[in-house]
Protein chains: 4
Amino acid sequence: MKQPIGIIGLGNMGMPIARRLLEAGHPVRVYNRTATRCDDLVAAGAKRAATPANAVPAAGIILSIVSDDAALADICNGPNGILACPDSIHVSMSTVGVATAQTIEDQHAAAGLAYLCAPVFGRPPAAAAGALWIALSGSVAPKERVAPVLAAFCAGVTDFGTVPGAANAVKLANNFLIGAAIEAVSEACALAESHGVKRAAFVELITQSLFDCPVYRIYGEAVAERHYEPAGFRLALGLKDITLALDAAATQSVPMPAASLVRDRLLSAVANGREAQDWAALDAEVSRAAGLAAPDPPR
Amino acid sequence: MKQPIGIIGLGNMGMPIARRLLEAGHPVRVYNRTATRCDDLVAAGAKRAATPANAVPAAGIILSIVSDDAALADICNGPNGILACPDSIHVSMSTVGVATAQTIEDQHAAAGLAYLCAPVFGRPPAAAAGALWIALSGSVAPKERVAPVLAAFCAGVTDFGTVPGAANAVKLANNFLIGAAIEAVSEACALAESHGVKRAAFVELITQSLFDCPVYRIYGEAVAERHYEPAGFRLALGLKDITLALDAAATQSVPMPAASLVRDRLLSAVANGREAQDWAALDAEVSRAAGLAAPDPPR
Amino acid sequence: MKQPIGIIGLGNMGMPIARRLLEAGHPVRVYNRTATRCDDLVAAGAKRAATPANAVPAAGIILSIVSDDAALADICNGPNGILACPDSIHVSMSTVGVATAQTIEDQHAAAGLAYLCAPVFGRPPAAAAGALWIALSGSVAPKERVAPVLAAFCAGVTDFGTVPGAANAVKLANNFLIGAAIEAVSEACALAESHGVKRAAFVELITQSLFDCPVYRIYGEAVAERHYEPAGFRLALGLKDITLALDAAATQSVPMPAASLVRDRLLSAVANGREAQDWAALDAEVSRAAGLAAPDPPR
Amino acid sequence: MKQPIGIIGLGNMGMPIARRLLEAGHPVRVYNRTATRCDDLVAAGAKRAATPANAVPAAGIILSIVSDDAALADICNGPNGILACPDSIHVSMSTVGVATAQTIEDQHAAAGLAYLCAPVFGRPPAAAAGALWIALSGSVAPKERVAPVLAAFCAGVTDFGTVPGAANAVKLANNFLIGAAIEAVSEACALAESHGVKRAAFVELITQSLFDCPVYRIYGEAVAERHYEPAGFRLALGLKDITLALDAAATQSVPMPAASLVRDRLLSAVANGREAQDWAALDAEVSRAAGLAAPDPPR
């Protein structure tokens with residue numbers, strides 16, 4: 001029989017991951033703050049856990065993917081948190097700050113648990129298809145033990161060694177690159193439009209030649225068409241991640257002026273009512289600064 | 001028999017284009033400022049022209065691809081320039097400023113020639129393989145006439161209408177996107193490295209997932225490995241193009257802060273002796289500002 | 001007899017303030033983490049306090065001016081902290097974050113103390129001369145009670161109302177303006193120098209005409225002469241203050257790109273070993289990016 | 001008798017300068033493109049010149065102060081331009097680009113005239129009061145000859161040596177500093193306002209302490225009160241000067257990111273209809289990006 005797995009956090013990503021593990025034959029326990037999110041999985045054979053600690057198999061593997069640093073701290077250190085379960089392995093897939101990752105790793109060590117940083121790369125459809133990519137850092141033995149479990153929903157795993165927080169730095173650097181690409185495409189579209197070029201034709205050309213990859217295809221189309229809704233990734237979350245990247249860089253005295261620029265643009269978008277749109281909506285601020293027409297914010 | 005074609009400018013791109021046309025059966029005349037660059041093509045069947053005007057087939061098609069705005073003005077307006085050849089069609093493939101494109105288009109109209117903006121997308125190997133992409137703007141009839149000629153060395157042509165300079169704006173926007181990507185990847189590598197991550201492993205991950213496209217693969221590897229030589233595209237040329245993009249944007253009151261950032265970084269690289277390296281060498285300035293080791297400039 | 005005053009924190013600013021109060025006839029109690037800093041004042045008539053709480057006169061006025069948010073939290077909430085002394089008024093003159101100010105004001109209210117934000121404007125010589133300026137925010141009655149005390153070392157007080165943290169926002173905005181001025185003067189000197197202009201002559205001209213004020217005279221000379229030592233204000237402290245300004249702005253969704261630029265420059269200076277120099281040393285990074293000679297960092 | 005002087009360009013600055021020279025007893029000839037601007041001065045004793053060349057006293061001194069590089073080129077090289085008058089000394093007080101200054105100086109040398117770069121520092125009231133400051137560069141002998149003439153309307157002259165264009169670089173660096181100060185004060189006011197601080201109270205405090213100088217008093221009040229009209233200095237002219245500063249810096253490979261930031265902000269203001277307001281109106285863009293209320297543009 002396959003080893004039992006606990007999963008905490010059934011959002012857009014956690015849900016398809018849990019489903020993949022069930023389908024692969026793992027006994028699965030699930031916990032979510034809003035318990036009704038568990039219903040479908042329970043109907044499909046998962047067991048509902050009443051607390052985070054309840055979701056952890058004895059000396060087993062617990063996966064978590066929650067919204068931010070505070071939520072992660074809560075499921076670890078809160079009442080009935082994961083830290084009450086020594087000898088287990090916590091595979092932490094959330095995008096959190098590097099300092100937070102280091103603190104939480106220390107707490108796990110003190111409580112007798114292994115902690116692996118395992119942020120995921122890909123969007124919900126990739127999760128459903130088992131095509132995610134994972135950046136992994138942490139101790140060697142737990143990494144070996146979780147490898148077959150990750151294979152159930154990942155196309156590949158890149159090992160970033162044993163430095164605490166290394167995989168989180170990778171994830172933050174990746175998300176910064178996405179934000180920087182959105183800013184750049186928005187500026188490029190403004191330049192092109194101002195000279196009589198159709199935005200969509202411009203984006204079509206670049207995504208057929210040098211920029212033929214998911215980020216430029218997905219965000220290129222959103223920017224060209226000014227489709228800012230529904231949000232694939234909320235602008236407020238993008239601002240959170242860019243801020244985490246800047247914080248992680250500052251602790252090492254690394255200036256990131258392009259990240260500062262993206263952050264200032266996202267702040268401007270929030271100040272003008274776009275925090276719940278997709279982060280492609282930073283384009284609206286680029287357009288406005290250029291005197292070009294952009295759709296009104298939702299309120 | 002296929003129609004005769006003239007080609008002016010036998011640099012990294014012009015040379016393989018000329019060869020493709022010869023191989024496709026076009027009678028080809030070639031002109032290059034440094035005449036010895038023509039020798040191999042002449043040996044292969046091309047005819048050497050002593051002046052730009054000499055290279056233009058009567059009422060025919062002349063392609064040009066030269067290094068900058070001044071060189072383009074020179075082959076058009078200089079002694080024995082293209083403008084002496086009315087009724088011909090000039091397919092201008094150089095990366096030049098939008099204002100220059102508009103001025104030169106006006107001069108062609110006054111002299112009785114058609115002028116098409118036709119900047120190319122792709123690198124020398126794509127030219128040799130007939131896999132370039134072209135952005136085209138200008139009058140309709142000449143565009144139709146040159147279509148079969150372009151097919152000899154292009155995988156596709158995107159038509160950006162009849163606005164003078166539109167295709168140039170597209171090319172400048174594209175090159176800005178490349179520069180912005182190099183800056184972003186450099187900052188991301190600095191962040192990752194400062195947290196103990198191997199730069200190459202980071203770039204490998206992103207180019208296997210969301211950034212799986214030529215720009216990130218080519219420049220990602222150059223930045224990760226700090227391979228700034230030999231230059232695929234000289235940093236000084238990158239600075240020229242970003243400056244042209246900013247100038248084209250400013251005439252339309254379009255601010256491009258990411259382009260300003262890239263330009264300031266490239267100026268810094270030139271100030272520190274890197275103008276002849278590949279423009280991936282802007283990474284050295286990113287690293288230096290972060291206190292990370294970078295290879296010394298060549299002098 | 002004048003009312004007794006307690007003073008916590010005898011740094012460059014606290015020391016001359018304490019001396020002014022002694023000279024004005026106030027009974028003065030002093031506390032400093034490194035107790036020997038108190039010796040001269042005790043010899044001059046002050047009373048040494050063994051703990052922060054000991055320095056607070058019963059239902060009296062306690063002034064504090066310490067190095068950062070953590071030190072302020074410590075003298076308030078730490079063992080034998082100020083919060084143990086209800087009915088007293090805490091005049092907090094440190095430069096701290098707006099969020100910190102709000103938290104600490106709440107804690108004072110809960111413990112029955114009044115808390116006034118009272119950051120000071122001016123440098124040590126102004127303190128010695130009684131010529132500081134104070135930005136004040138907090139409840140009305142305590143502000144009235146402390147007015148005659150502040151008059152002993154201040155040329156003026158500006159009242160910024162009762163919003164918690166308002167005076168701190170003012171101080172952070174002021175320090176941001178200083179940092180922005182240093183960056184601008186450094187860039188202007190680089191431009192001038194690159195065209196054969198003597199830096200000192202340039203700064204002399206502007207400080208005789210449109211920029212005839214302390215910030216441009218003091219930092220203009222430091223930048224022109226590249227005198228980065230001794231530190232009037234340590235670069236690491238400047239970085240702290242700019243970061244606090246950006247944090248305070250971000251909570252209100254206010255983008256401050258000039259502040260982001262100054263922060264990135266200061267990070268670069270720290271990464272290159274200048275954290276203990278005056279923050280005028282950010283000029284060294286401006287010069288280096290322009291290929292101009294700058295003195296080596298201390299290590 | 002005092003030596004005769006010619007003056008070309010009777011704008012806000014040229015007019016009071018001409019008046020001062022008349023009052024000091026110099027025979028004065030005046031030329032202005034719009035001839036009626038000369039009427040008052042002619043009534044006061046000046047002689048009207050029909051062309052620029054007509055305004056130049058034989059082997060004498062001609063002052064000029066016109067709006068931009070093109071206007072300067074026109075009065076020098078145009079029909080009946082200054083270059084037709086050898087042996088005279090041209091004191092050029094306009095704010096023009098460094099490259100333009102060098103080109104025009106060369107043309108003067110070839111035509112047998114001396115050319116002095118003499119941009120002025122101060123505003124119209126200072127001109128009327130004889131309190132301008134001048135930055136001077138050029139050959140030694142002409143500088144000595146014009147000294148007593150400049151004394152009629154200047155409080156002081158700073159000599160920046162003999163490098164062509166040096167004084168122009170100084171002027172551009174000065175105007176950049178003004179633009180940078182407006183941007184910084186706008187951001188500082190946005191931060192303060194977002195925390196409940198009255199903008200005017202903040203500006204009053206800083207201009208009473210560390211920023212007690214004309215630039216911060218004048219523009220500080222304009223920004224705090226959002227008084228963008230009437231224009232003391234038109235925003236479009238500010239954009240021109242910042243662009244000239246960036247161009248002058250780029251020729252020497254000097255990056256000026258703060259200048260890039262100010263330029264992008266001014267472009268945004270122009271794109272949104274504020275080109276005819278005072279350049280303090282860049283504050284409206286700072287406010288808008290922060291979601292704060294700003295007055296509508298004029299159209």
# chains A, B, ... in the order shown; residues from 1 in each chain; ligands from 1
call {"tool": "closest_atom_pairs", "arguments": {"of": "chain A", "to": "chain D", "cutoff": "7 Å", "atoms": "only C-alpha atoms", "output": "JSON lines"}}
result
{"residue": "A:Ser268", "atom": "CA", "partner": "D:Ala289", "partner_atom": "CA", "distance": 4.9}
{"residue": "A:Ala271", "atom": "CA", "partner": "D:Gly291", "partner_atom": "CA", "distance": 4.8}
{"residue": "A:Asn272", "atom": "CA", "partner": "D:Gly291", "partner_atom": "CA", "distance": 5.4}
{"residue": "A:Ala289", "atom": "CA", "partner": "D:Ser268", "partner_atom": "CA", "distance": 4.9}
{"residue": "A:Ala290", "atom": "CA", "partner": "D:Ala271", "partner_atom": "CA", "distance": 5.6}
{"residue": "A:Gly291", "atom": "CA", "partner": "D:Ala271", "partner_atom": "CA", "distance": 4.8}
call {"tool": "write_last_selection", "arguments": {"atoms": "all heavy atoms", "output": "compact mmCIF listing (two decimals), in the first residue's frame"}}
result
# COMPACT_ATOMS: atom_id res chain seq x y z
N SER A 268 0.60 51.47 -7.12
CA SER A 268 -0.25 52.43 -7.82
C SER A 268 -1.55 51.78 -8.26
O SER A 268 -2.63 52.39 -8.17
CB SER A 268 0.53 52.98 -9.02
OG SER A 268 -0.21 53.96 -9.68
N ALA A 271 -3.69 51.44 -5.22
CA ALA A 271 -4.21 52.75 -4.83
C ALA A 271 -5.37 53.17 -5.73
O ALA A 271 -6.20 54.00 -5.33
CB ALA A 271 -3.09 53.79 -4.90
N ASN A 272 -5.42 52.60 -6.92
CA ASN A 272 -6.49 52.96 -7.85
C ASN A 272 -7.51 51.84 -8.03
O ASN A 272 -8.18 51.78 -9.06
CB ASN A 272 -5.88 53.42 -9.18
CG ASN A 272 -5.26 54.81 -9.06
OD1 ASN A 272 -5.97 55.80 -9.03
ND2 ASN A 272 -3.93 54.87 -8.94
N ALA A 289 -0.39 56.34 -17.42
CA ALA A 289 0.75 57.24 -17.38
C ALA A 289 1.13 57.73 -18.78
O ALA A 289 1.75 58.77 -18.93
CB ALA A 289 1.94 56.56 -16.70
N ALA A 290 0.75 56.95 -19.79
CA ALA A 290 1.06 57.33 -21.18
C ALA A 290 -0.10 58.04 -21.85
O ALA A 290 -0.04 58.35 -23.04
CB ALA A 290 1.44 56.09 -21.98
N GLY A 291 -1.17 58.30 -21.09
CA GLY A 291 -2.31 59.00 -21.68
C GLY A 291 -3.12 58.12 -22.61
O GLY A 291 -3.92 58.62 -23.40
call {"tool": "calpha_fit_and_write", "arguments": {"fixed": "chain A", "moving": "chain C", "output": "compact mmCIF listing (two decimals) with C-alpha atoms, in the first residue's frame"}}
result
# COMPACT_ATOMS: atom_id res chain seq x y z
CA MET C 1 -0.01 0.02 -0.02
CA LYS C 2 1.15 3.53 -0.74
CA GLN C 3 2.14 5.72 2.19
CA PRO C 4 -0.56 7.95 3.69
CA ILE C 5 -0.32 11.68 2.98
CA GLY C 6 -1.81 14.70 4.69
CA ILE C 7 -2.64 17.88 2.79
CA ILE C 8 -3.35 21.27 4.31
CA GLY C 9 -4.76 24.06 2.15
CA LEU C 10 -7.23 23.29 -0.62
CA GLY C 11 -6.98 26.39 -2.78
CA ASN C 12 -6.55 26.53 -6.55
CA MET C 13 -3.37 24.53 -6.33
CA GLY C 14 -3.92 22.33 -3.27
CA MET C 15 -7.16 20.90 -4.60
CA PRO C 16 -5.80 19.33 -7.82
CA ILE C 17 -2.69 18.12 -5.98
CA ALA C 18 -4.84 16.30 -3.43
CA ARG C 19 -6.89 14.78 -6.22
CA ARG C 20 -3.78 13.51 -8.02
CA LEU C 21 -2.55 11.84 -4.83
CA LEU C 22 -5.91 10.19 -4.23
CA GLU C 23 -5.95 8.92 -7.80
CA ALA C 24 -2.42 7.58 -7.37
CA GLY C 25 -3.64 5.38 -4.52
CA HIS C 26 -2.38 7.25 -1.48
CA PRO C 27 -4.59 7.35 1.60
CA VAL C 28 -5.17 11.11 1.93
CA ARG C 29 -6.22 13.26 4.88
CA VAL C 30 -7.25 16.84 4.14
CA TYR C 31 -7.54 19.99 6.21
CA ASN C 32 -8.78 23.39 5.13
CA ARG C 33 -9.67 26.42 7.22
CA THR C 34 -13.04 26.62 5.45
CA ALA C 35 -14.02 23.01 5.97
CA THR C 36 -16.56 22.77 3.14
CA ARG C 37 -13.70 23.01 0.62
CA CYS C 38 -12.97 19.40 1.66
CA ASP C 39 -16.37 17.97 0.72
CA ASP C 40 -15.65 16.82 -2.83
CA LEU C 41 -12.39 15.15 -1.86
CA VAL C 42 -14.05 13.38 1.07
CA ALA C 43 -16.71 12.11 -1.32
CA ALA C 44 -13.85 10.80 -3.46
CA GLY C 45 -12.30 8.90 -0.57
CA ALA C 46 -10.20 11.38 1.40
CA LYS C 47 -10.49 11.63 5.15
CA ARG C 48 -11.41 14.98 6.70
CA ALA C 49 -9.10 16.30 9.46
CA ALA C 50 -10.48 18.64 12.10
CA THR C 51 -7.15 20.36 12.78
CA PRO C 52 -3.79 20.70 11.06
CA ALA C 53 -2.23 18.22 13.51
CA ASN C 54 -5.01 15.73 12.76
CA ALA C 55 -4.05 15.79 9.08
CA VAL C 56 -0.50 14.60 9.76
CA PRO C 57 0.01 10.83 9.39
CA ALA C 58 2.04 9.37 12.26
CA ALA C 59 5.73 9.86 11.41
CA GLY C 60 4.45 10.57 7.94
CA ILE C 61 4.38 13.20 5.24
CA ILE C 62 2.31 16.37 5.41
CA LEU C 63 2.06 18.71 2.43
CA SER C 64 0.90 22.30 2.88
CA ILE C 65 0.09 25.08 0.47
CA VAL C 66 -1.47 28.16 2.03
CA SER C 67 -1.86 31.80 1.13
CA ASP C 68 0.83 33.68 3.01
CA ASP C 69 3.42 33.79 5.80
CA ALA C 70 0.82 34.30 8.54
CA ALA C 71 -1.27 31.34 7.42
CA LEU C 72 1.82 29.13 7.34
CA ALA C 73 2.82 30.21 10.84
CA ASP C 74 -0.71 29.50 12.00
CA ILE C 75 -0.91 25.89 10.74
CA CYS C 76 2.52 25.20 12.26
CA ASN C 77 2.48 27.06 15.58
CA GLY C 78 -1.20 27.63 16.18
CA PRO C 79 -3.34 25.47 18.43
CA ASN C 80 -3.27 21.87 17.16
CA GLY C 81 -0.58 22.87 14.69
CA ILE C 82 1.80 20.64 12.76
CA LEU C 83 4.62 21.17 15.27
CA ALA C 84 2.73 18.92 17.66
CA CYS C 85 3.62 15.93 15.42
CA PRO C 86 7.29 14.97 15.82
CA ASP C 87 9.07 12.62 13.41
CA SER C 88 6.97 13.71 10.48
CA ILE C 89 8.11 15.54 7.32
CA HIS C 90 6.53 18.84 6.37
CA VAL C 91 6.68 19.61 2.66
CA SER C 92 5.91 23.33 2.56
CA MET C 93 4.80 24.41 -0.91
CA SER C 94 3.57 27.94 -0.12
CA THR C 95 5.26 31.07 -1.45
CA VAL C 96 6.59 32.72 1.67
CA GLY C 97 9.49 34.96 2.63
CA VAL C 98 12.99 33.59 3.01
CA ALA C 99 13.25 34.85 6.57
CA THR C 100 9.94 33.17 7.44
CA ALA C 101 11.14 29.93 5.89
CA GLN C 102 14.28 30.03 7.98
CA THR C 103 12.40 30.75 11.20
CA ILE C 104 9.88 27.99 10.59
CA GLU C 105 12.59 25.51 9.64
CA ASP C 106 14.29 26.26 12.98
CA GLN C 107 11.04 25.68 14.84
CA HIS C 108 10.55 22.32 13.09
CA ALA C 109 14.08 21.24 13.99
CA ALA C 110 13.46 22.16 17.64
CA ALA C 111 10.18 20.20 17.64
CA GLY C 112 11.70 17.16 15.96
CA LEU C 113 10.17 17.47 12.49
CA ALA C 114 11.84 17.71 9.13
CA TYR C 115 10.98 20.77 7.05
CA LEU C 116 11.37 20.95 3.29
CA CYS C 117 10.91 24.11 1.24
CA ALA C 118 9.07 22.98 -1.85
CA PRO C 119 7.44 25.87 -3.72
CA VAL C 120 5.65 24.87 -6.92
CA PHE C 121 5.98 26.25 -10.44
CA GLY C 122 2.96 26.11 -12.67
CA ARG C 123 -0.70 27.02 -12.69
CA PRO C 124 -3.82 25.06 -11.69
CA PRO C 125 -4.16 23.23 -15.05
CA ALA C 126 -0.57 22.00 -14.74
CA ALA C 127 -1.36 20.75 -11.25
CA ALA C 128 -4.37 18.82 -12.53
CA ALA C 129 -2.23 17.33 -15.29
CA GLY C 130 0.58 16.32 -12.92
CA ALA C 131 2.88 18.71 -14.74
CA LEU C 132 4.04 21.00 -11.96
CA TRP C 133 7.70 21.67 -11.32
CA ILE C 134 9.08 21.88 -7.78
CA ALA C 135 12.09 23.67 -6.34
CA LEU C 136 13.26 21.74 -3.30
CA SER C 137 15.64 22.58 -0.47
CA GLY C 138 16.26 20.97 2.89
CA SER C 139 17.91 17.90 4.46
CA VAL C 140 18.89 14.99 2.25
CA ALA C 141 17.08 12.05 3.86
CA PRO C 142 13.59 13.61 3.92
CA LYS C 143 14.07 14.76 0.34
CA GLU C 144 14.69 11.18 -0.70
CA ARG C 145 11.66 9.93 1.18
CA VAL C 146 9.25 12.43 -0.39
CA ALA C 147 10.51 12.01 -3.96
CA PRO C 148 8.00 9.31 -5.01
CA VAL C 149 5.15 11.33 -3.51
CA LEU C 150 6.05 14.47 -5.43
CA ALA C 151 6.26 12.38 -8.61
CA ALA C 152 2.50 11.91 -8.41
CA PHE C 153 1.82 15.51 -9.40
CA CYS C 154 5.11 16.90 -10.71
CA ALA C 155 6.89 16.67 -14.02
CA GLY C 156 10.18 17.39 -12.30
CA VAL C 157 11.97 18.43 -9.16
CA THR C 158 15.07 20.64 -8.99
CA ASP C 159 17.17 20.18 -5.88
CA PHE C 160 18.62 23.43 -4.54
CA GLY C 161 20.64 21.87 -1.74
CA THR C 162 20.38 22.13 1.99
CA VAL C 163 20.52 25.87 2.68
CA PRO C 164 17.34 26.80 4.54
CA GLY C 165 15.08 28.97 2.40
CA ALA C 166 17.02 28.46 -0.84
CA ALA C 167 14.01 27.08 -2.69
CA ASN C 168 11.92 30.00 -1.45
CA ALA C 169 14.45 32.45 -2.84
CA VAL C 170 14.13 30.61 -6.17
CA LYS C 171 10.35 30.93 -6.11
CA LEU C 172 10.47 34.63 -5.25
CA ALA C 173 13.02 35.24 -8.01
CA ASN C 174 10.73 33.42 -10.45
CA ASN C 175 7.68 35.46 -9.48
CA PHE C 176 9.69 38.65 -9.74
CA LEU C 177 10.57 37.62 -13.31
CA ILE C 178 6.87 37.27 -14.11
CA GLY C 179 6.09 40.70 -12.69
CA ALA C 180 9.00 42.23 -14.59
CA ALA C 181 7.76 40.60 -17.80
CA ILE C 182 4.27 42.05 -17.33
CA GLU C 183 5.71 45.53 -16.79
CA ALA C 184 7.94 45.22 -19.84
CA VAL C 185 5.19 43.91 -22.12
CA SER C 186 2.90 46.71 -20.92
CA GLU C 187 5.49 49.35 -21.75
CA ALA C 188 6.24 47.71 -25.11
CA CYS C 189 2.54 47.64 -25.99
CA ALA C 190 2.22 51.33 -25.04
CA LEU C 191 5.14 52.19 -27.33
CA ALA C 192 3.73 50.13 -30.18
CA GLU C 193 0.17 51.43 -29.78
CA SER C 194 1.39 55.03 -29.72
CA HIS C 195 2.84 54.46 -33.20
CA GLY C 196 -0.33 53.02 -34.68
CA VAL C 197 0.47 49.34 -34.11
CA LYS C 198 -2.27 46.93 -33.02
CA ARG C 199 -1.31 45.60 -29.61
CA ALA C 200 -2.52 42.07 -30.28
CA ALA C 201 -0.54 41.84 -33.53
CA PHE C 202 2.60 42.92 -31.71
CA VAL C 203 2.17 40.32 -28.99
CA GLU C 204 1.36 37.64 -31.55
CA LEU C 205 4.61 38.37 -33.36
CA ILE C 206 6.85 38.22 -30.31
CA THR C 207 5.23 35.08 -28.94
CA GLN C 208 5.81 33.39 -32.28
CA SER C 209 9.48 34.24 -32.31
CA LEU C 210 11.77 35.11 -29.41
CA PHE C 211 9.23 35.02 -26.58
CA ASP C 212 7.42 31.78 -27.34
CA CYS C 213 6.77 30.69 -23.73
CA PRO C 214 3.87 30.55 -21.26
CA VAL C 215 4.53 33.80 -19.38
CA TYR C 216 4.59 35.93 -22.52
CA ARG C 217 1.69 34.09 -24.15
CA ILE C 218 -0.58 34.26 -21.10
CA TYR C 219 0.26 37.74 -19.85
CA GLY C 220 0.97 39.08 -23.33
CA GLU C 221 -2.59 38.34 -24.38
CA ALA C 222 -4.03 39.73 -21.14
CA VAL C 223 -2.05 42.95 -21.56
CA ALA C 224 -2.71 43.32 -25.29
CA GLU C 225 -6.46 42.82 -24.87
CA ARG C 226 -6.54 44.55 -21.48
CA HIS C 227 -8.31 41.53 -20.02
CA TYR C 228 -7.64 42.00 -16.33
CA GLU C 229 -10.41 39.75 -15.05
CA PRO C 230 -11.00 37.11 -13.86
CA ALA C 231 -7.80 37.03 -11.84
CA GLY C 232 -5.53 34.06 -12.51
CA PHE C 233 -3.27 35.56 -9.86
CA ARG C 234 -4.58 38.47 -7.81
CA LEU C 235 -2.65 41.72 -8.06
CA ALA C 236 -2.54 41.99 -4.26
CA LEU C 237 -0.76 38.62 -4.14
CA GLY C 238 1.67 39.79 -6.79
CA LEU C 239 2.46 42.83 -4.65
CA LYS C 240 3.01 40.53 -1.67
CA ASP C 241 5.46 38.36 -3.61
CA ILE C 242 7.45 41.26 -5.06
CA THR C 243 7.71 42.75 -1.57
CA LEU C 244 8.96 39.40 -0.25
CA ALA C 245 11.54 39.29 -3.05
CA LEU C 246 12.76 42.79 -2.21
CA ASP C 247 12.93 41.93 1.49
CA ALA C 248 14.90 38.76 0.78
CA ALA C 249 17.27 40.75 -1.44
CA ALA C 250 17.71 43.54 1.10
CA THR C 251 18.85 41.17 3.83
CA GLN C 252 21.76 40.29 1.53
CA SER C 253 22.35 43.91 0.40
CA VAL C 254 21.20 43.10 -3.14
CA PRO C 255 19.56 46.04 -4.91
CA MET C 256 16.82 45.05 -7.39
CA PRO C 257 15.70 48.24 -9.14
CA ALA C 258 13.47 46.41 -11.63
CA ALA C 259 11.69 44.81 -8.69
CA SER C 260 11.36 48.24 -7.05
CA LEU C 261 9.80 49.54 -10.24
CA VAL C 262 7.29 46.67 -10.42
CA ARG C 263 6.43 47.14 -6.75
CA ASP C 264 5.81 50.87 -7.19
CA ARG C 265 3.58 50.10 -10.19
CA LEU C 266 1.59 47.51 -8.25
CA LEU C 267 1.16 49.94 -5.35
CA SER C 268 -0.23 52.44 -7.83
CA ALA C 269 -2.65 49.82 -9.14
CA VAL C 270 -3.83 49.05 -5.60
CA ALA C 271 -4.19 52.76 -4.84
CA ASN C 272 -6.47 52.96 -7.85
CA GLY C 273 -8.73 50.05 -6.96
CA ARG C 274 -7.25 47.12 -8.88
CA GLU C 275 -6.06 44.86 -6.04
CA ALA C 276 -8.61 42.14 -6.87
CA GLN C 277 -7.87 42.06 -10.60
CA ASP C 278 -5.20 39.89 -12.19
CA TRP C 279 -1.75 41.36 -11.81
CA ALA C 280 -1.75 41.94 -15.55
CA ALA C 281 -3.82 44.97 -14.51
CA LEU C 282 -0.62 46.83 -13.72
CA ASP C 283 -0.84 47.51 -17.46
CA ALA C 284 -3.71 49.89 -16.74
CA GLU C 285 -1.31 52.09 -14.79
CA VAL C 286 1.26 51.94 -17.59
CA SER C 287 -1.41 52.98 -20.07
CA ARG C 288 -2.73 55.77 -17.90
CA ALA C 289 0.73 57.23 -17.39
CA ALA C 290 1.03 57.31 -21.18
CA GLY C 291 -2.34 58.96 -21.68
CA LEU C 292 -3.75 55.83 -23.36
CA ALA C 293 -7.23 54.53 -22.67
CA ALA C 294 -7.57 51.71 -20.14
CA PRO C 295 -10.69 50.12 -18.67
CA ASP C 296 -11.91 51.70 -15.44
CA PRO C 297 -11.12 49.87 -12.22
CA PRO C 298 -13.98 47.82 -10.79
CA ARG C 299 -14.95 50.54 -8.34
call {"tool": "select_by_dssp", "arguments": {"residues": "segment 47-130 of chain B", "states": "strand (DSSP E)", "output": "ChimeraX atom specification"}}
result
/B:47-48,61-64,89-92,114-117,120-121
call {"tool": "select_by_dssp", "arguments": {"residues": "segment 30-201 of chain C", "states": "helix (DSSP H, G or I)", "output": "ChimeraX atom specification"}}
result
/C:35-43,52-55,69-77,82-84,98-111,124-128,140-150,166-194,199-201
